[in-house]
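For reference, the structure discussed in these notes is given below.
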Amino acid sequence: MQQIPKEMFQPASVDLSEAEKISKPSLSFWKDVSIRFRKNKLAMFGLVLLFILVFMAIFGPMMTPHDYRTNDLMNTNKPPSAEHWFGTDELGRDIFARTWYGARISLFIGVAAALIDLFIGVLWGGIAGFRGGRTDEVMMRIADILWGVPYLLLVILLMVVLEQGLGTMILAMTITGWINMARIVRGQVLQLKNQEYVLAAQTLGASTSRIMFRHLIPNTMGPILVTMTLTIPSAIFTEAFLSYLGLGVPQPLASWGTMASDGVSALQYYPWRLFFPATMICLTIFAFNVVGDGLRDALDPRLRK
């Protein structure tokens with residue numbers, strides 16, 4: 001049998017300076033998510049689009065000398081021009097100014113509804129999941145009963161019964177809108193509450209609130225952020241739907257929904273009145289959805305563990 005030279009078993013030389021160059025520091029959870037998210041070109045496009053829409057909502061009305069609520073009956077239904085970039089409506093109001101002022105209202109409704117859903121859903125789902133037993137059973141049966149009520153029907157009923165306004169609209173959207181968030185948080189807490197670090201905190205006498213907000217809720221932020229990102233466009237669409245039914249924000253306030261509702265009747269002769277608010281609604285919903293999907297894809301590798 002042929003002998004193998006011992007020289008072939010000599011360990012390879014290691015250049016420590018080169019080893020230091022190729023070594024990388026360990027990545028934190030959110031740093032890893034950020035890298036994955038930035039690699040998603042469609043999600044990054046959606047994020048840039050959102051920044052543009054928010055920027056125009058803040059500064060857009062300042063870019064034109066026309067006011068969003070000033071009537072000019074000598075310039076009604078004018079097409080887009082150098083003076084009125086998006087044209088005018090039936091009262092001669094500048095649609096460019098109204099579009100970006102309406103962006104403030106529509107985005108405010110969407111974000112406010114999502115934040116309220118976040119607050120109620122995290123508390124409700126967190127307590128139900130952590131307490132478990134009879135407390136969990138009662139709390140989730142209440143949520144199931146509310147979930148069984150048709151969402152849009154309840155929203156329309158509240159808008160008809162209560163005084164029309166921004167506060168009423170947000171209340172109507174959130175009265176059952178938090179349930180989906182509560183279910184997601186509850187499921188995450190049920191998975192986490194028996195982890196070693198939670199049991200150790202309980203053994204050391206940590207209070208329920210400390211365990212919830214120091215250990216459990218921070219570790220469910222991924223699904224919470226994804227759900228919140230997808231809740232905002234849903235609220236914006238609901239506002240547009242209510243406005244189409246004549247239950248939107250009162251005049252002279254403008255929102256994309258009220259502008260689209262007014263523009264539908266004039267579509268045949270003055271299409272620009274519908275085109276601009278409808279386009280902004282579609283772009284906003286698209287941007288939030290792709291950002292939410294991108295965030296979910298970035299979180300999936302860690303969530304599967």
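Please note that chains go A, B, ... in the order of the structure tokens, that every chain numbers its residues from 1, and that ligands are numbered from 1 in the order shown.
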
Expected answer as a ChimeraX atom specification: alpha helix (DSSP H) residues in region 71-293 of chain A: /A:95-131,133-147,151-161,166-174,179-192,196-203,208-210,221-244,256-264,272-293

Could you turn the residues from that selection into a file that holds C-alpha atoms, as a compact mmCIF listing (two decimals), in the first residue's frame?
# COMPACT_ATOMS: atom_id res chain seq x y z
CA ILE A 95 -57.60 71.01 -7.45
CA PHE A 96 -53.82 70.96 -6.91
CA ALA A 97 -54.20 72.70 -3.55
CA ARG A 98 -57.20 70.54 -2.63
CA THR A 99 -55.41 67.33 -3.63
CA TRP A 100 -52.46 67.91 -1.33
CA TYR A 101 -54.55 69.35 1.47
CA GLY A 102 -56.77 66.29 1.08
CA ALA A 103 -53.65 64.14 1.39
CA ARG A 104 -53.23 65.47 4.92
CA ILE A 105 -56.77 64.43 5.85
CA SER A 106 -56.62 61.00 4.19
CA LEU A 107 -53.18 60.15 5.59
CA PHE A 108 -54.17 61.42 9.04
CA ILE A 109 -57.26 59.20 9.05
CA GLY A 110 -55.23 56.18 7.95
CA VAL A 111 -52.41 56.67 10.45
CA ALA A 112 -54.73 57.60 13.34
CA ALA A 113 -56.91 54.54 12.77
CA ALA A 114 -53.82 52.30 12.59
CA LEU A 115 -52.34 53.74 15.81
CA ILE A 116 -55.59 53.24 17.72
CA ASP A 117 -55.84 49.68 16.39
CA LEU A 118 -52.23 49.19 17.48
CA PHE A 119 -52.83 50.47 21.02
CA ILE A 120 -56.02 48.53 21.70
CA GLY A 121 -54.97 45.39 19.83
CA VAL A 122 -51.57 45.10 21.54
CA LEU A 123 -53.07 45.54 25.02
CA TRP A 124 -56.01 43.23 24.41
CA GLY A 125 -54.07 40.49 22.65
CA GLY A 126 -51.08 40.77 24.97
CA ILE A 127 -53.14 40.42 28.14
CA ALA A 128 -55.26 37.59 26.72
CA GLY A 129 -52.23 35.63 25.55
CA PHE A 130 -50.17 36.15 28.70
CA ARG A 131 -52.95 35.47 31.22
CA GLY A 133 -57.05 30.30 30.80
CA ARG A 134 -60.44 31.79 31.52
CA THR A 135 -59.24 35.36 30.96
CA ASP A 136 -58.07 34.47 27.46
CA GLU A 137 -61.30 32.61 26.74
CA VAL A 138 -63.57 35.51 27.77
CA MET A 139 -61.53 38.22 26.06
CA MET A 140 -61.26 36.37 22.76
CA ARG A 141 -64.97 35.42 22.76
CA ILE A 142 -65.77 39.13 23.06
CA ALA A 143 -63.44 39.79 20.15
CA ASP A 144 -65.08 37.01 18.12
CA ILE A 145 -68.54 38.47 18.71
CA LEU A 146 -67.41 41.91 17.53
CA TRP A 147 -65.60 40.32 14.57
CA TYR A 151 -67.39 45.85 9.35
CA LEU A 152 -68.64 48.21 6.66
CA LEU A 153 -72.23 47.95 7.84
CA LEU A 154 -71.19 48.96 11.35
CA VAL A 155 -69.04 51.83 10.07
CA ILE A 156 -71.88 53.18 7.90
CA LEU A 157 -74.38 52.86 10.77
CA LEU A 158 -72.15 54.81 13.15
CA MET A 159 -71.50 57.51 10.56
CA VAL A 160 -75.26 57.91 10.05
CA VAL A 161 -76.15 57.93 13.75
CA LEU A 166 -63.07 63.24 11.44
CA GLY A 167 -63.41 61.94 14.98
CA THR A 168 -66.56 59.99 14.16
CA MET A 169 -64.95 58.44 11.09
CA ILE A 170 -61.87 57.29 13.00
CA LEU A 171 -64.04 55.92 15.83
CA ALA A 172 -66.20 54.02 13.35
CA MET A 173 -63.14 52.46 11.70
CA THR A 174 -61.47 51.40 14.94
CA ILE A 179 -59.39 42.76 16.51
CA ASN A 180 -57.00 41.54 13.82
CA MET A 181 -54.08 43.15 15.65
CA ALA A 182 -55.22 41.56 18.93
CA ARG A 183 -55.32 38.10 17.39
CA ILE A 184 -51.83 38.44 15.92
CA VAL A 185 -50.34 39.72 19.19
CA ARG A 186 -52.10 37.01 21.21
CA GLY A 187 -50.68 34.29 18.96
CA GLN A 188 -47.17 35.69 19.27
CA VAL A 189 -47.41 36.04 23.06
CA LEU A 190 -48.67 32.45 23.40
CA GLN A 191 -45.51 31.29 21.62
CA LEU A 192 -43.15 33.48 23.64
CA GLU A 196 -36.66 30.68 29.21
CA TYR A 197 -36.09 34.43 29.49
CA VAL A 198 -39.77 35.03 30.32
CA LEU A 199 -39.82 32.25 32.92
CA ALA A 200 -36.61 33.64 34.42
CA ALA A 201 -38.18 37.10 34.69
CA GLN A 202 -41.20 35.60 36.46
CA THR A 203 -38.95 33.69 38.84
CA THR A 208 -46.74 41.52 34.64
CA SER A 209 -46.42 44.93 33.02
CA ARG A 210 -42.62 44.69 32.98
CA MET A 221 -42.77 44.04 16.86
CA GLY A 222 -42.15 42.41 13.48
CA PRO A 223 -45.71 41.13 12.92
CA ILE A 224 -47.10 44.27 14.59
CA LEU A 225 -45.30 46.58 12.15
CA VAL A 226 -46.37 44.51 9.13
CA THR A 227 -50.01 44.53 10.27
CA MET A 228 -49.93 48.25 10.97
CA THR A 229 -48.41 48.98 7.56
CA LEU A 230 -51.24 47.10 5.87
CA THR A 231 -53.92 48.68 8.10
CA ILE A 232 -53.22 52.25 6.91
CA PRO A 233 -54.20 51.72 3.24
CA SER A 234 -57.30 49.83 4.35
CA ALA A 235 -58.40 52.84 6.41
CA ILE A 236 -57.68 55.22 3.51
CA PHE A 237 -59.81 53.08 1.21
CA THR A 238 -62.62 52.96 3.79
CA GLU A 239 -62.57 56.76 4.02
CA ALA A 240 -62.86 56.99 0.23
CA PHE A 241 -65.76 54.53 0.25
CA LEU A 242 -67.59 56.48 2.97
CA SER A 243 -67.05 59.71 1.05
CA TYR A 244 -68.51 58.09 -2.06
CA TRP A 256 -59.13 62.29 -1.52
CA GLY A 257 -62.37 60.45 -0.89
CA THR A 258 -64.61 63.53 -1.04
CA MET A 259 -62.80 64.81 -4.14
CA ALA A 260 -63.19 61.46 -5.89
CA SER A 261 -66.85 61.37 -4.93
CA ASP A 262 -67.41 64.84 -6.41
CA GLY A 263 -65.43 63.91 -9.52
CA VAL A 264 -67.45 60.79 -10.38
CA TRP A 272 -59.36 65.57 -14.33
CA ARG A 273 -61.56 66.13 -11.30
CA LEU A 274 -61.61 62.38 -10.65
CA PHE A 275 -58.23 61.48 -12.13
CA PHE A 276 -55.97 63.24 -9.64
CA PRO A 277 -57.55 62.19 -6.30
CA ALA A 278 -58.18 58.65 -7.55
CA THR A 279 -54.57 58.36 -8.72
CA MET A 280 -53.29 59.49 -5.31
CA ILE A 281 -55.48 56.94 -3.54
CA CYS A 282 -54.18 54.16 -5.79
CA LEU A 283 -50.53 55.22 -5.42
CA THR A 284 -50.80 55.44 -1.63
CA ILE A 285 -52.46 52.06 -1.26
CA PHE A 286 -49.91 50.52 -3.63
CA ALA A 287 -46.97 52.07 -1.76
CA PHE A 288 -48.13 50.93 1.69
CA ASN A 289 -48.91 47.43 0.44
CA VAL A 290 -45.53 46.89 -1.21
CA VAL A 291 -43.73 48.29 1.83
CA GLY A 292 -45.76 45.97 4.08
CA ASP A 293 -45.04 42.98 1.84

CA of Thr76 (chain A) to CA of Phe55 (chain A): how many Å, to one decimal? 28.2 Å

Please indicate the distance in Å from CA of Asp72 (chain A) to CA of Arg93 (chain A), rounded to one decimal place. 6.3 Å

What is the distance between CA of Gly87 (chain A) and CA of Gly60 (chain A), in Å to one decimal? 15.0 Å

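Using only C-alpha atoms, the shortest contact distance between Asn194 (chain A) and any of A:Leu91, A:Ile175, A:Leu216, A:Ala254 is found at A:Leu216.
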
Contacts of Gln251 (chain A) at 10 Å (only C-alpha atoms; same-chain gap of 4+ positions) as a ChimeraX atom specification: /A:69,165,255,258

For the residues in the current selection, export N, CA and C atoms as an mmCIF file, in the first residue's frame.
data_model
loop_
_atom_site.group_PDB
_atom_site.id
_atom_site.type_symbol
_atom_site.label_atom_id
_atom_site.label_comp_id
_atom_site.auth_asym_id
_atom_site.auth_seq_id
_atom_site.Cartn_x
_atom_site.Cartn_y
_atom_site.Cartn_z
ATOM 1 N N ARG A 69 -59.902 76.159 -0.338
ATOM 2 C CA ARG A 69 -61.335 76.337 -0.096
ATOM 3 C C ARG A 69 -61.905 77.623 -0.684
ATOM 4 N N GLY A 165 -67.898 63.764 10.967
ATOM 5 C CA GLY A 165 -66.646 64.473 11.209
ATOM 6 C C GLY A 165 -65.482 63.506 11.262
ATOM 7 N N SER A 255 -60.760 65.784 1.272
ATOM 8 C CA SER A 255 -59.989 64.547 1.370
ATOM 9 C C SER A 255 -60.006 63.911 -0.011
ATOM 10 N N THR A 258 -63.571 62.561 -0.668
ATOM 11 C CA THR A 258 -64.612 63.526 -1.035
ATOM 12 C C THR A 258 -64.367 64.083 -2.437
#
